[in-house]
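Colleague: Next up, coords.txt (compact mmCIF, C-alpha atoms).
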# COMPACT_ATOMS: atom_id res chain seq x y z
CA MET A 521 -56.77 15.45 -12.41
CA THR A 522 -53.83 13.19 -12.83
CA VAL A 523 -50.29 14.29 -12.44
CA GLN A 524 -47.83 12.47 -14.55
CA ILE A 525 -44.29 12.50 -13.27
CA LYS A 526 -41.79 12.34 -16.03
CA THR A 527 -38.07 12.01 -15.84
CA ILE A 528 -35.72 13.18 -18.47
CA ASP A 529 -32.41 11.45 -18.83
CA LEU A 530 -29.85 14.07 -19.72
CA ALA A 531 -26.81 12.46 -21.24
CA PRO A 532 -23.68 14.32 -20.13
CA LYS A 533 -21.68 15.77 -23.01
CA ARG A 534 -18.50 14.27 -21.60
CA HIS A 535 -17.87 11.78 -18.84
CA THR A 536 -14.38 12.71 -17.77
CA PHE A 537 -11.51 15.07 -18.49
CA GLY A 538 -10.03 15.07 -21.96
CA HIS A 539 -6.61 13.85 -20.84
CA ILE A 540 -8.20 10.95 -18.92
CA ALA A 541 -10.38 10.03 -21.91
CA ARG A 542 -7.25 9.91 -24.09
CA ARG A 543 -5.66 7.54 -21.55
CA LEU A 544 -8.72 5.30 -21.36
CA GLY A 545 -9.16 5.34 -25.13
CA GLU A 546 -12.76 6.48 -24.89
CA ASP A 547 -14.87 9.00 -23.06
CA LYS A 548 -16.35 6.94 -20.25
CA PRO A 549 -16.77 7.61 -16.52
CA ALA A 550 -13.36 7.29 -14.84
CA SER A 551 -12.70 6.34 -11.24
CA ARG A 552 -11.55 8.96 -8.76
CA TYR A 553 -8.20 7.19 -8.65
CA GLN A 554 -7.76 7.52 -12.40
CA GLU A 555 -8.77 11.15 -12.40
CA ALA A 556 -6.46 11.95 -9.48
CA THR A 557 -3.50 10.13 -11.00
CA PHE A 558 -3.20 10.13 -14.79
CA ASP A 559 -0.99 12.90 -16.17
CA ILE A 560 -1.28 15.10 -13.10
CA GLN A 561 2.42 15.91 -12.94
CA ALA A 562 3.63 18.73 -15.18
CA THR A 563 5.79 17.59 -18.05
CA THR A 564 6.65 20.75 -19.90
CA ASN A 565 6.87 24.55 -19.76
CA PHE A 566 8.79 24.71 -16.48
CA HIS A 567 9.59 28.30 -15.60
CA TYR A 568 12.96 27.96 -13.96
CA LYS A 569 15.81 25.58 -14.49
CA PRO A 570 16.78 24.01 -11.16
CA LEU A 571 20.19 25.61 -10.81
CA TRP A 572 21.41 23.16 -8.17
CA GLU A 573 21.16 20.43 -10.79
CA PRO A 574 21.19 22.24 -14.15
CA GLU A 575 21.62 19.04 -16.15
CA TYR A 576 18.00 18.13 -15.34
CA TRP A 577 14.61 19.74 -15.55
CA THR A 578 12.31 19.95 -12.52
CA TYR A 579 10.74 16.63 -13.36
CA ASP A 580 13.03 14.56 -15.48
CA THR A 581 12.92 10.93 -16.54
CA ARG A 582 16.73 10.88 -16.62
CA LYS A 583 16.97 11.05 -12.84
CA THR A 584 16.95 7.25 -12.79
CA ALA A 585 18.80 4.75 -14.93
CA VAL A 586 15.70 2.64 -15.60
CA VAL A 587 13.73 3.68 -18.66
CA MET A 588 9.97 3.51 -18.92
CA GLN A 589 8.18 4.38 -22.09
CA ASP A 590 5.29 5.52 -19.90
CA TRP A 591 5.70 6.19 -16.18
CA TYR A 592 1.94 5.91 -15.74
CA LYS A 593 2.15 2.15 -16.31
CA PRO A 594 3.16 1.23 -12.75
CA LEU A 595 -0.24 1.99 -11.23
CA ASP A 596 -1.15 1.38 -7.61
CA PRO A 597 -3.24 -1.82 -7.28
CA ARG A 598 -4.74 -0.35 -4.08
CA GLN A 599 -5.98 2.60 -6.17
CA TYR A 600 -4.97 5.10 -3.48
CA TYR A 601 -5.48 8.77 -4.02
CA TYR A 602 -5.68 11.28 -1.19
CA ALA A 603 -9.16 10.41 0.09
CA ALA A 604 -8.95 6.63 -0.31
CA TYR A 605 -5.54 6.58 1.39
CA ASN A 606 -6.70 8.67 4.33
CA ILE A 607 -9.86 6.64 4.87
CA ALA A 608 -7.89 3.40 4.84
CA ARG A 609 -5.27 4.73 7.26
CA ALA A 610 -7.84 6.31 9.57
CA ASN A 611 -9.45 2.89 9.97
CA MET A 612 -6.11 1.23 10.68
CA ASN A 613 -5.23 4.00 13.12
CA GLN A 614 -8.49 3.55 14.96
CA ALA A 615 -7.66 -0.11 15.61
CA ALA A 616 -4.14 0.83 16.69
CA GLU A 617 -5.45 3.48 19.11
CA ARG A 618 -7.70 0.90 20.71
CA ASN A 619 -4.77 -1.45 21.13
CA PHE A 620 -2.70 1.28 22.77
CA ALA A 621 -5.54 2.15 25.13
CA PHE A 622 -6.00 -1.54 25.96
CA VAL A 623 -2.32 -2.10 26.76
CA GLU A 624 -2.02 1.13 28.74
CA GLU A 625 -5.18 0.61 30.80
CA ARG A 626 -4.06 -2.81 31.92
CA GLY A 627 -0.43 -1.77 32.31
CA LEU A 628 0.60 -4.75 30.19
CA LEU A 629 3.96 -3.24 29.28
CA THR A 630 4.83 -1.80 32.67
CA LYS A 631 3.98 -5.11 34.36
CA ALA A 632 6.33 -7.04 32.08
CA SER A 633 9.59 -8.36 33.45
CA GLU A 634 12.65 -6.12 33.57
CA SER A 635 14.46 -8.29 31.02
CA ALA A 636 11.56 -7.99 28.55
CA ARG A 637 11.42 -4.23 28.99
CA ALA A 638 15.18 -3.98 28.49
CA ALA A 639 14.86 -6.02 25.28
CA ILE A 640 12.17 -3.64 23.99
CA ARG A 641 14.30 -0.62 24.85
CA ARG A 642 17.28 -2.06 23.04
CA GLY A 643 15.64 -3.95 20.18
CA LEU A 644 12.48 -2.09 19.30
CA LEU A 645 12.70 1.59 20.24
CA PRO A 646 15.73 2.46 18.04
CA LEU A 647 13.56 1.46 15.10
CA ARG A 648 11.98 4.92 15.24
CA HIS A 649 15.20 6.25 13.70
CA LEU A 650 15.04 3.67 10.91
CA HIS A 651 11.44 4.69 10.19
CA TRP A 652 12.44 8.31 10.16
CA GLY A 653 15.19 7.50 7.65
CA SER A 654 12.66 5.59 5.55
CA ASN A 655 10.39 8.62 5.69
CA MET A 656 13.23 10.73 4.26
CA ASN A 657 13.84 8.16 1.52
CA MET A 658 10.21 7.96 0.41
CA THR A 659 9.96 11.76 0.42
CA GLU A 660 13.12 11.95 -1.68
CA ILE A 661 11.69 9.42 -4.16
CA CYS A 662 8.52 11.48 -4.35
CA GLN A 663 10.40 14.66 -5.15
CA ARG A 664 12.88 13.16 -7.60
CA GLY A 665 10.55 10.59 -9.13
CA TYR A 666 8.62 10.89 -12.34
CA GLY A 667 4.87 10.53 -12.82
CA THR A 668 2.09 10.86 -10.25
CA ALA A 669 1.32 7.13 -10.47
CA VAL A 670 4.57 6.37 -8.65
CA THR A 671 5.27 9.55 -6.70
CA ALA A 672 1.88 9.99 -5.00
CA PRO A 673 1.93 6.60 -3.22
CA CYS A 674 5.54 7.38 -2.21
CA ILE A 675 4.49 10.39 -0.17
CA PHE A 676 1.70 8.30 1.38
CA SER A 677 4.35 5.76 2.31
CA ALA A 678 6.51 8.53 3.78
CA GLY A 679 3.57 9.51 5.99
CA ASP A 680 3.15 5.89 7.03
CA HIS A 681 6.78 5.67 8.15
CA LEU A 682 6.40 8.83 10.19
CA GLY A 683 3.28 7.37 11.80
CA MET A 684 5.08 4.12 12.59
CA ALA A 685 7.99 6.06 14.12
CA GLN A 686 5.38 7.71 16.36
CA TYR A 687 3.86 4.37 17.36
CA VAL A 688 7.32 3.10 18.30
CA SER A 689 7.92 6.27 20.30
CA ARG A 690 4.63 5.80 22.13
CA ILE A 691 5.69 2.29 23.14
CA GLY A 692 8.74 3.96 24.72
CA LEU A 693 6.57 6.55 26.45
CA GLN A 694 4.45 3.79 27.96
CA LEU A 695 7.61 2.21 29.36
CA ASP A 696 9.04 5.38 30.90
CA ASN A 697 5.83 6.90 32.20
CA GLN A 698 5.68 9.59 29.48
CA THR A 699 9.02 11.16 30.39
CA GLY A 700 10.83 10.37 27.16
CA ALA A 701 13.85 8.95 28.97
CA THR A 702 13.66 5.67 27.02
CA LEU A 703 13.68 7.59 23.76
CA ASP A 704 16.89 9.41 24.70
CA GLU A 705 18.35 6.05 25.62
CA ALA A 706 17.14 4.55 22.32
CA LYS A 707 18.92 7.28 20.41
CA GLN A 708 22.18 6.43 22.20
CA THR A 709 21.55 2.76 21.36
CA TRP A 710 20.99 3.69 17.70
CA LEU A 711 24.21 5.73 17.67
CA ASN A 712 26.49 3.47 19.74
CA ASP A 713 25.18 -0.06 20.22
CA ALA A 714 27.20 -2.41 18.03
CA ALA A 715 24.06 -4.41 17.13
CA TRP A 716 22.53 -1.38 15.39
CA GLN A 717 25.55 0.13 13.63
CA GLU A 718 25.24 -1.87 10.41
CA THR A 719 21.56 -0.92 10.16
CA ARG A 720 22.42 2.72 10.74
CA ARG A 721 25.17 2.55 8.11
CA LEU A 722 22.71 0.96 5.66
CA ILE A 723 20.02 3.62 6.01
CA GLU A 724 22.60 6.44 5.99
CA ASP A 725 24.08 5.02 2.78
CA THR A 726 20.65 5.05 1.15
CA PHE A 727 20.31 8.78 2.00
CA VAL A 728 23.00 9.64 -0.54
CA GLU A 729 21.64 7.50 -3.39
CA ARG A 730 20.71 9.94 -6.14
CA ASP A 731 19.02 7.52 -8.56
CA TRP A 732 15.45 7.56 -7.27
CA PHE A 733 14.35 4.15 -8.52
CA HIS A 734 17.55 2.63 -7.16
CA LEU A 735 16.60 4.18 -3.81
CA TYR A 736 13.06 2.80 -4.19
CA VAL A 737 14.41 -0.74 -4.60
CA ALA A 738 16.80 -0.30 -1.66
CA GLN A 739 14.03 0.97 0.60
CA THR A 740 11.19 -1.38 -0.35
CA LEU A 741 13.05 -4.65 -0.98
CA GLY A 742 15.99 -4.06 1.37
CA VAL A 743 14.80 -2.11 4.40
CA ASN A 744 11.08 -2.95 4.30
CA GLY A 745 11.69 -6.46 2.99
CA VAL A 746 14.35 -7.65 5.44
CA LEU A 747 14.75 -5.41 8.49
CA LEU A 748 11.11 -4.67 9.29
CA PRO A 749 9.93 -8.31 9.17
CA LEU A 750 12.93 -9.28 11.31
CA ILE A 751 12.01 -6.87 14.12
CA TYR A 752 8.23 -6.92 13.84
CA LYS A 753 7.79 -10.61 13.20
CA SER A 754 10.80 -12.86 13.79
CA ALA A 755 11.99 -11.03 16.92
CA GLU A 756 8.83 -11.79 18.88
CA PRO A 757 10.55 -14.31 21.25
CA ALA A 758 12.98 -11.54 22.24
CA TRP A 759 10.24 -9.57 24.01
CA GLY A 760 9.72 -12.41 26.50
CA ASP A 761 6.58 -12.01 28.58
CA ALA A 762 5.84 -8.71 26.78
CA GLY A 763 5.41 -10.56 23.47
CA LEU A 764 1.67 -10.19 23.39
CA PRO A 765 1.45 -6.45 24.19
CA VAL A 766 4.22 -5.74 21.66
CA ALA A 767 2.32 -7.78 19.06
CA LEU A 768 -0.78 -5.70 19.78
CA LEU A 769 1.10 -2.40 19.57
CA THR A 770 2.90 -3.32 16.35
CA GLU A 771 -0.08 -4.87 14.60
CA PHE A 772 -0.30 -1.75 12.44
CA MET A 773 3.22 -2.32 11.11
CA ASN A 774 2.50 -5.88 10.05
CA ASP A 775 -0.79 -4.96 8.41
CA TRP A 776 0.91 -2.06 6.73
CA ARG A 777 3.76 -4.16 5.35
CA ALA A 778 1.33 -6.59 3.77
CA GLU A 779 -0.68 -3.75 2.24
CA GLU A 780 2.18 -1.54 1.08
CA GLY A 781 3.92 -4.63 -0.31
CA ARG A 782 1.10 -5.11 -2.80
CA TRP A 783 1.90 -1.71 -4.24
CA SER A 784 5.70 -1.67 -4.04
CA ASP A 785 5.94 -5.20 -5.48
CA ALA A 786 3.62 -4.31 -8.37
CA VAL A 787 5.72 -1.25 -9.26
CA ILE A 788 8.98 -3.19 -9.26
CA LYS A 789 7.42 -6.01 -11.27
CA ILE A 790 6.11 -3.66 -13.96
CA VAL A 791 9.31 -1.62 -14.22
CA ALA A 792 11.48 -4.75 -14.42
CA ALA A 793 9.20 -6.29 -17.06
CA GLU A 794 9.51 -3.21 -19.30
CA SER A 795 12.86 -4.19 -20.82
CA GLU A 796 15.87 -6.45 -20.38
CA GLU A 797 17.96 -3.41 -19.41
CA ASN A 798 15.52 -2.49 -16.64
CA LYS A 799 15.41 -6.04 -15.43
CA ALA A 800 19.20 -6.23 -15.22
CA LEU A 801 19.45 -2.92 -13.36
CA VAL A 802 16.64 -3.63 -10.89
CA SER A 803 17.90 -7.17 -10.28
CA GLY A 804 21.37 -5.86 -9.49
CA TRP A 805 20.02 -3.26 -7.10
CA ALA A 806 17.72 -5.77 -5.41
CA LYS A 807 20.52 -8.27 -4.94
CA HIS A 808 22.86 -5.64 -3.55
CA TRP A 809 20.44 -4.10 -1.06
CA ILE A 810 18.80 -7.31 0.13
CA GLY A 811 22.34 -8.58 0.72
CA ARG A 812 23.30 -5.48 2.64
CA ALA A 813 20.09 -5.51 4.67
CA THR A 814 20.69 -9.15 5.55
CA GLU A 815 24.23 -8.34 6.70
CA ALA A 816 22.86 -5.42 8.74
CA ALA A 817 20.19 -7.63 10.26
CA LYS A 818 22.63 -10.32 11.40
CA PRO A 819 24.11 -8.54 14.45
CA LEU A 820 20.58 -7.43 15.37
CA SER A 821 19.11 -10.90 15.28
CA ALA A 822 22.19 -12.27 17.10
CA ALA A 823 21.80 -9.67 19.86
CA LEU A 824 18.03 -10.00 20.23
CA LEU A 825 17.44 -13.68 19.63
CA ASN A 826 20.85 -15.17 20.45
CA ASP A 827 20.59 -17.15 17.22
CA GLY A 828 23.90 -16.17 15.65
CA GLY A 829 22.01 -14.34 12.88
CA ALA A 830 19.82 -17.24 11.71
CA ALA A 831 16.62 -15.14 11.72
CA ALA A 832 18.36 -12.48 9.62
CA VAL A 833 19.46 -15.06 7.08
CA ALA A 834 15.92 -16.42 6.92
CA ALA A 835 14.50 -12.91 6.42
CA GLY A 836 17.05 -12.28 3.68
CA GLU A 837 16.19 -15.52 1.92
CA ALA A 838 12.48 -14.69 2.08
CA ALA A 839 13.21 -11.28 0.55
CA LEU A 840 15.26 -12.85 -2.26
CA LYS A 841 12.46 -15.30 -2.96
CA LYS A 842 9.99 -12.43 -3.10
CA ALA A 843 12.29 -10.54 -5.50
CA ALA A 844 12.57 -13.62 -7.73
CA SER A 845 8.78 -13.91 -7.80
CA LEU A 846 8.69 -10.34 -9.17
CA GLY A 847 10.65 -11.50 -12.19
CA LEU A 848 14.07 -10.34 -10.98
CA ALA A 849 17.21 -12.37 -11.53
CA VAL A 850 18.60 -12.47 -8.00
CA MET B 801 -39.14 -17.39 -23.15
CA ALA B 802 -36.75 -17.24 -20.27
CA GLN B 803 -37.72 -15.12 -17.35
CA ILE B 804 -35.59 -12.07 -16.78
CA ALA B 805 -33.27 -11.89 -13.79
CA SER B 806 -32.55 -8.30 -13.03
CA ILE B 807 -30.67 -6.03 -10.68
CA THR B 808 -30.95 -2.26 -10.30
CA LEU B 809 -28.11 -0.26 -8.78
CA VAL B 810 -27.70 3.43 -8.06
CA HIS B 811 -25.34 5.06 -10.53
CA THR B 812 -22.55 6.30 -8.29
CA ASP B 813 -18.77 6.03 -8.11
CA GLU B 814 -19.16 3.17 -5.62
CA ALA B 815 -21.52 1.22 -7.89
CA ARG B 816 -19.69 1.82 -11.17
CA PRO B 817 -17.07 -0.94 -10.70
CA ILE B 818 -19.87 -3.37 -9.77
CA ILE B 819 -21.81 -2.43 -12.88
CA GLU B 820 -18.68 -2.93 -14.98
CA ALA B 821 -18.11 -6.33 -13.36
CA ILE B 822 -21.68 -7.42 -14.10
CA MET B 823 -21.37 -6.30 -17.71
CA ALA B 824 -18.12 -8.23 -18.10
CA ASP B 825 -19.32 -11.42 -16.42
CA ASN B 826 -22.83 -11.73 -17.91
CA PRO B 827 -22.81 -12.01 -21.68
CA GLY B 828 -26.02 -10.75 -23.20
CA VAL B 829 -26.79 -8.39 -20.34
CA ARG B 830 -29.10 -5.52 -21.27
CA VAL B 831 -28.35 -2.18 -19.70
CA LEU B 832 -31.04 0.40 -19.08
CA ASN B 833 -29.68 3.74 -17.99
CA MET B 834 -32.08 5.80 -15.93
CA PRO B 835 -31.40 9.06 -14.17
CA GLY B 836 -29.41 8.09 -11.11
CA ALA B 837 -29.87 4.35 -11.53
CA VAL B 838 -28.87 1.52 -13.84
CA LYS B 839 -31.04 -1.54 -14.45
CA LEU B 840 -29.26 -4.65 -15.68
CA ASP B 841 -31.36 -7.45 -17.18
CA CYS B 842 -30.28 -10.90 -18.17
CA ASP B 843 -32.19 -13.95 -19.35
CA GLY B 844 -32.38 -16.56 -16.59
CA THR B 845 -29.43 -15.63 -14.40
CA ILE B 846 -27.44 -12.56 -13.46
CA THR B 847 -24.37 -12.77 -11.25
CA VAL B 848 -21.96 -10.45 -9.48
CA LYS B 849 -18.57 -12.05 -8.84
CA ARG B 850 -16.47 -10.98 -5.89
CA ALA B 851 -13.19 -11.50 -7.77
CA SER B 852 -14.27 -9.32 -10.70
CA VAL B 853 -15.32 -6.47 -8.44
CA GLU B 854 -12.14 -6.73 -6.35
CA GLU B 855 -10.04 -6.58 -9.51
CA ARG B 856 -11.69 -3.27 -10.37
CA ILE B 857 -11.65 -1.58 -6.98
CA GLY B 858 -8.25 -2.79 -5.77
CA ARG B 859 -9.34 -3.94 -2.33
CA SER B 860 -11.17 -6.86 -0.80
CA TRP B 861 -14.91 -6.72 -1.29
CA ASP B 862 -17.69 -8.57 0.46
CA PRO B 863 -20.67 -9.31 -1.81
CA GLN B 864 -22.91 -8.04 1.02
CA GLU B 865 -21.51 -4.57 0.35
CA ILE B 866 -23.71 -4.53 -2.72
CA GLN B 867 -26.60 -3.70 -0.38
CA LEU B 868 -25.17 -0.18 -0.07
CA VAL B 869 -25.87 0.57 -3.72
CA LEU B 870 -28.72 -1.84 -4.42
CA VAL B 871 -32.06 -0.36 -5.45
CA SER B 872 -34.05 -3.37 -6.56
CA MET B 873 -33.73 -6.90 -7.84
CA ALA B 874 -35.74 -9.63 -9.51
CA GLY B 875 -35.07 -13.34 -9.12
CA ASN B 876 -34.27 -15.74 -6.34
CA LEU B 877 -31.13 -14.76 -4.52
CA ASP B 878 -28.18 -17.05 -4.02
CA GLU B 879 -25.66 -15.25 -1.87
CA ASP B 880 -22.23 -16.59 -1.07
CA ASP B 881 -18.74 -15.38 -0.09
CA ASP B 882 -17.73 -15.34 -3.74
CA HIS B 883 -20.80 -14.23 -5.64
CA PHE B 884 -24.23 -12.67 -5.51
CA THR B 885 -26.50 -14.39 -8.02
CA LEU B 886 -30.10 -13.86 -9.04
CA SER B 887 -31.90 -16.49 -11.05
CA TRP B 888 -35.26 -18.16 -11.64
CA ARG B 889 -33.92 -21.68 -11.56
CA HIS B 890 -34.83 -23.88 -8.65
Go ahead and express the file in the form of C-alpha cells.
Modeller:
Amino acid sequence: MTVQIKTIDLAPKRHTFGHIARRLGEDKPASRYQEATFDIQATTNFHYKPLWEPEYWTYDTRKTAVVMQDWYKPLDPRQYYYAAYNIARANMNQAAERNFAFVEERGLLTKASESARAAIRRGLLPLRHLHWGSNMNMTEICQRGYGTAVTAPCIFSAGDHLGMAQYVSRIGLQLDNQTGATLDEAKQTWLNDAAWQETRRLIEDTFVERDWFHLYVAQTLGVNGVLLPLIYKSAEPAWGDAGLPVALLTEFMNDWRAEEGRWSDAVIKIVAAESEENKALVSGWAKHWIGRATEAAKPLSAALLNDGGAAAVAAGEAALKKAASLGLAV
Amino acid sequence: MAQIASITLVHTDEARPIIEAIMADNPGVRVLNMPGAVKLDCDGTITVKRASVEERIGRSWDPQEIQLVLVSMAGNLDEDDDHFTLSWRH
C-alpha cells in the first residue's frame, strides 16, 4: 500500500486588516511595524471634550503650527513597534550591563584620580536632570502629537532618556559606594553651579512650549544635537585618567544618539519637505534652539575643558550642518 | 535552455522582506507559493542584495542571516558582505 501525502495550499481570504490594505493600496501581507502603526490613533468620535483646552479635541492636528496632509508620512526608518523596540534596547542594555560590571569589578572609577572623579561629579552626573527633562519633553510630544507614526517612537525615546538618566545615576553610585551622596551633590550642581545654569534654563524653557512639533525640534536638534554630543563625546579629555571607564559606561548614549538620530532626522526632513510654510517654521525653530543650546553649552565646555567654549561652538556648528542636510534653511 | 538557479525560503514575517527584495532585484523571477514556503526560480542567476533587504527591514542586515529562513537552494553559491548569489556560471 502506498500512502500519498498531499498538501493543500489554502489561500487566505485577506492578508491584512482593511485599513492597512487601504494604506498599502492592495491586500498584501503587511509587516508588524505597518500593522502596529498605520491609523492606530483614534481620529473621530471622542466622547469628551478636553475641558482644560476646549479649543482642541483630544487628538488634534492644530496643536502644532506645521501642517501635514497625512501625519502617517513621517514613518520610523528603524520600523520600531513595541516588540522590535524592546528587543533592540534589551540587546543594547545587555552590553551596557557588562560594561558596568567590568568597570565595577576592577574598580576603574574608584581608582581614578581625585581630579578626574571631581570632574565626573561636576560635569557628568548633573546630566541625569537633563535626561529627565528630555523624558518629560518626549512624553509631552507623545501626548500632544498627532498620529501613531510620530507619537509611538516618542514614548520609546522618553523611555530611553529615563534609562540614560539611570545609567548616569549608576556612575554616581559607583563613585560614592552606593550611598547616593554624589547624586545629592549633582543636584546642587545642577541648581547652583554657574556652568549648568544656561542648560537648566534651556530645558526648563522647553517645558512650557505648547506647540508639540516645535518642542520636538528643540529637543532633538537642540538638546540631543548639541548638548549630548558635547558631554558624551567632546568632553572626554575632561575625565582625565577616568576617560576610558567613562567611555565604556556611556557607550549606550553614543550608540543611542546615532540610532535615534536616524529616526528624528527622518521625521524633521519629511515634515520640512511637505511645504514651504513647514520648511520656514521648522528652519526658524531649528535655528533658534540650536543657537540657544550652543549658548548653553559654552559655559559647560569652558568649565570642563578650559577651552573658552570652543567645543560648544564646534558642536553647534555640527548641529547646524546636520539641520542644513535635512533641507532646513539655517 | 538556461539552468534554473533557485532559492526556497520559509514564508514568515522574517523572510517576507527578503522575498520582496529578491522579487524586486531579479527580473523574470518565478514565484511558487507552497504552504509555509516560497520557492523562487530564476534562469541562470538569482541574487539577494544586502542593501535591498536593509531598505525593507530598516536595520543593518548580514547576508548570512538568510540561513535562518533558508530551506533549500540550487546553484553554486557566491556569498559576500553585500550579496548572496546563486548561479550556474563558473
Colleague: Using all atoms listed in the file and a distance of at most 8 Å, pull out the residues of chain B that contact chain A, as a list in words.
Modeller: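 Contact residues on the first chain: Asp813, Met834, Pro835, Ile857, Gly858 and Arg859 of chain B.
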Colleague: Using only C-alpha atoms, which residues sit within 7 Å of region 816-829 of chain B once same-chain residues fewer than 4 positions away are excluded, as a PyMOL selection string?
Modeller: chain B and resi 811-812+840-842+846-848+852-853+856-857
Colleague: Tell me, in Å to one decimal, how far CA of Gly763 (chain A) is from CA of Leu747 (chain A).
Modeller: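 Those two atoms sit 18.4 Å apart.
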Colleague: Find the residues near region 707-723 of chain A: any atom within 6 Å, counting all atoms listed in the file, skip ones fewer than 2 places away on the same chain, and give them as JSON, numbers by chain.
Modeller: {"A": [646, 704, 705, 725, 726, 816, 819, 820]}
Colleague: Need the axis-aligned box for region 856-870 of chain B with 8 Å each side, so what are the centre and edges in Å to one decimal, as lines of an AutoDock Vina configuration file?
Modeller:
center_x = -18.5
center_y = -4.4
center_z = -4.7
size_x = 36.5
size_y = 25.9
size_z = 27.4
Colleague: Give the answer as one residue: which of A:Val791, A:Leu645, A:Ile540, A:Ala610 has the shortest atom-to-atom distance to Asp590 (chain A), using only C-alpha atoms?
Modeller: A:Val791
Colleague: Smallest atom-to-atom distance to Asn798 (chain A): which of A:Ala638, A:Ile675, A:Ala669, A:Ala849, using all atoms listed in the file?
Modeller: A:Ala849
Colleague: Find the residue from B:Phe884, B:Ala815, B:Glu865, B:Ile804 that sits nearest to Arg830 (chain B); use all atoms listed in the file when measuring.
Modeller: B:Ile804
Colleague: Take CA of Ala672 (chain A) and CA of Ala608 (chain A) and report the distance between them in Å, one decimal.
Modeller: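 Spanning CA of Ala672 (chain A) to CA of Ala608 (chain A) is a straight-line distance of 15.4 Å.
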Colleague: Find the distance between CA of Lys631 (chain A) and CA of Leu682 (chain A) and write it in Å to one decimal.
Modeller: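 About the pair CA of Lys631 (chain A) and CA of Leu682 (chain A): they are 28.0 Å apart.
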Colleague: Please identify all polymer residues within 12 Å of region 827-829 of chain A, counting all atoms listed in the file, omitting same-chain residues fewer than 6 positions from it, and present them as a list in words.
Modeller: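 Here the qualifying residues turn out to be Ala715, Leu750, Ser754, Ala755, Pro757, Ala758, Thr814, Glu815, Ala816, Ala817, Lys818, Pro819, Leu820, Ser821, Ala835 and Gly836 of chain A.
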Colleague: At a cut-off of 9 Å, using all atoms listed in the file, what residues contact region 734-745 of chain A? Leave out same-chain residues fewer than 2 positions from it and give the result as JSON, numbers by chain.
Modeller: {"A": [584, 585, 586, 650, 654, 657, 658, 660, 661, 719, 722, 723, 726, 727, 729, 730, 731, 732, 747, 748, 749, 750, 777, 781, 784, 785, 788, 801, 802, 805, 806, 807, 808, 809, 810, 811, 812, 813, 814, 835, 836, 838, 839, 840, 842, 843]}
